[in-house]
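Asks: Attaching a single structure in structure tokens format; questions to follow.
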Amino acid sequence: MIELHQFPQAWGINPSPFCLKIEIFFRLAGIDYQPRTTLPFLAPRGKLPFITDGDARIADSALIIEHCRTAHGVDLDAGLDGRQRALGDLMRRTLEESLYFVLLHARWIDAAGWAAVRPAFFGGMPPGMRQALPSLIRRGIGKTLRAQGYGRHGADGIHALGIADLDALAGAMTPDGFAVGERATTVDATLYAFLESILIPPIDNPLKRHAERITVFAAYRERMRARLGD
Ligand SMILES: N[C@@H](CCC(=O)N[C@@H](CS)C(=O)NCC(=O)O)C(=O)O
């Protein structure tokens, strides 16, 4: 049985879009797995998720999906043509390498996000850790955002970057279908995970308000819920 090592839940979901992506991927692919709660400093590459599958320890969501293809013959993308694969890859990169940083800012730096993140992520920790750790991690994320570049744009500018990503993603999706076709494929695990990560947490901001207004996303979320049996 594959074990999925991930953050503890918050707001009724896994708060990490990458951990949620793998949960959704496993469910779309019909792969049985055992969730295990851990923290990044215990992970092989210092980030979550990672999986254990027998003796194998695999970190990074893309490598986990690749492992499922090579070791278990699971390929949600078998029916896709080259153009659909390329589009899926571009959508995934927009989500993971652009929108992700907007989400980091919205949760950890914006006051509204921080007011929700601090109790949800750290509320259950012993008092010593609960006092020191949150600000330390928040400072680290602030530095990451400045190094990546988005952190230099100011809150309005960062949300505008995320809003542009959401519009591009909505425009690229298959009308009345899934991300790149009539069936859910690998990129849907990422797309749905990021949409849920923006829409479910009780954090009001321009990014979430914009996502809520995109009717294509509302219909897509219903299709994904039906596909997952939720
Ligand atoms: N490329 C990795 C990204 C994973 C990632 O960034 N995980 C974040 C949580 S969303 C993490 O573990 N951060 C902890 C840290 O950087 O200390 C993947 O696809 O799995």
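All residue names refer to the structure tokens as shown: chains lettered A, B, ... in order, residues numbered from 1 in each chain, ligands numbered from 1 in order.
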Within 10 Å of ligand 1, counting only C-alpha atoms and all ligand atoms: which residues, as number ranges by chain?
Replies: A: 6-7, 14-22, 39-41, 43, 45-50, 58-65, 96-97, 100-101, 103-104, 137, 140-141, 144, 190
Asks: Mind checking DSSP for range 41-223 of chain A and telling me the helix (DSSP H, G or I) residues as a PyMOL selection string?
Replies: chain A and resi 41-42+61-72+82-109+111-122+127-148+150-152+154-172+186-199+206-213+215-223
Asks: A:Ala179, A:Ala226, A:Leu28, A:Ala170: which is nearest Ala211 in chain A, counting only C-alpha atoms?
Replies: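 The closest residue to Ala211 in chain A is A:Ala170.
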Asks: Using only C-alpha atoms, can you tell me which of A:Ala193, A:Met125, A:Ile163, A:Ala219 comes closest to Leu207 in chain A?
Replies: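 Among the listed residues, the smallest separation from Leu207 in chain A belongs to A:Ile163.
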Asks: Counting only C-alpha atoms, what is within 9 Å of Asp75 in chain A, bar same-chain residues fewer than 5 positions away, as a VMD selection string?
Replies: chain A and resid 29 65 to 66 68 to 70 185 to 186
Asks: From the options A:Ala71, A:Leu166, A:Leu136, A:Leu99, which residue's atoms come nearest to Tyr150 in chain A, counting only C-alpha atoms?
Replies: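 Closest to Tyr150 in chain A of all the choices is A:Leu99.
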Asks: Select, from A:Gln9, A:Gln34, A:Ser98, A:Thr52, the residue with the minimum atom-to-atom distance to Leu169 in chain A, counting only C-alpha atoms.
Replies: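 So, comparing all the options, the nearest one is A:Ser98.
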Asks: So, counting only C-alpha atoms, which residue among A:Met91, A:Ile109, A:Ala120, A:Val74 is closest to Ile158 in chain A?
Replies: A:Ile109
Asks: What parts of range 11-191 of chain A does DSSP call strand (DSSP E or B)? I'd like the answer as a PyMOL selection string.
Replies: chain A and resi 13+33-37+50-53+56-59
Asks: Kindly indicate which residue among A:Ile198, A:Ala168, A:Ala111, A:Val102 lies nearest to Arg146 in chain A, using only C-alpha atoms for the distances.
Replies: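 Result for the nearest residue to Arg146 in chain A: A:Val102.
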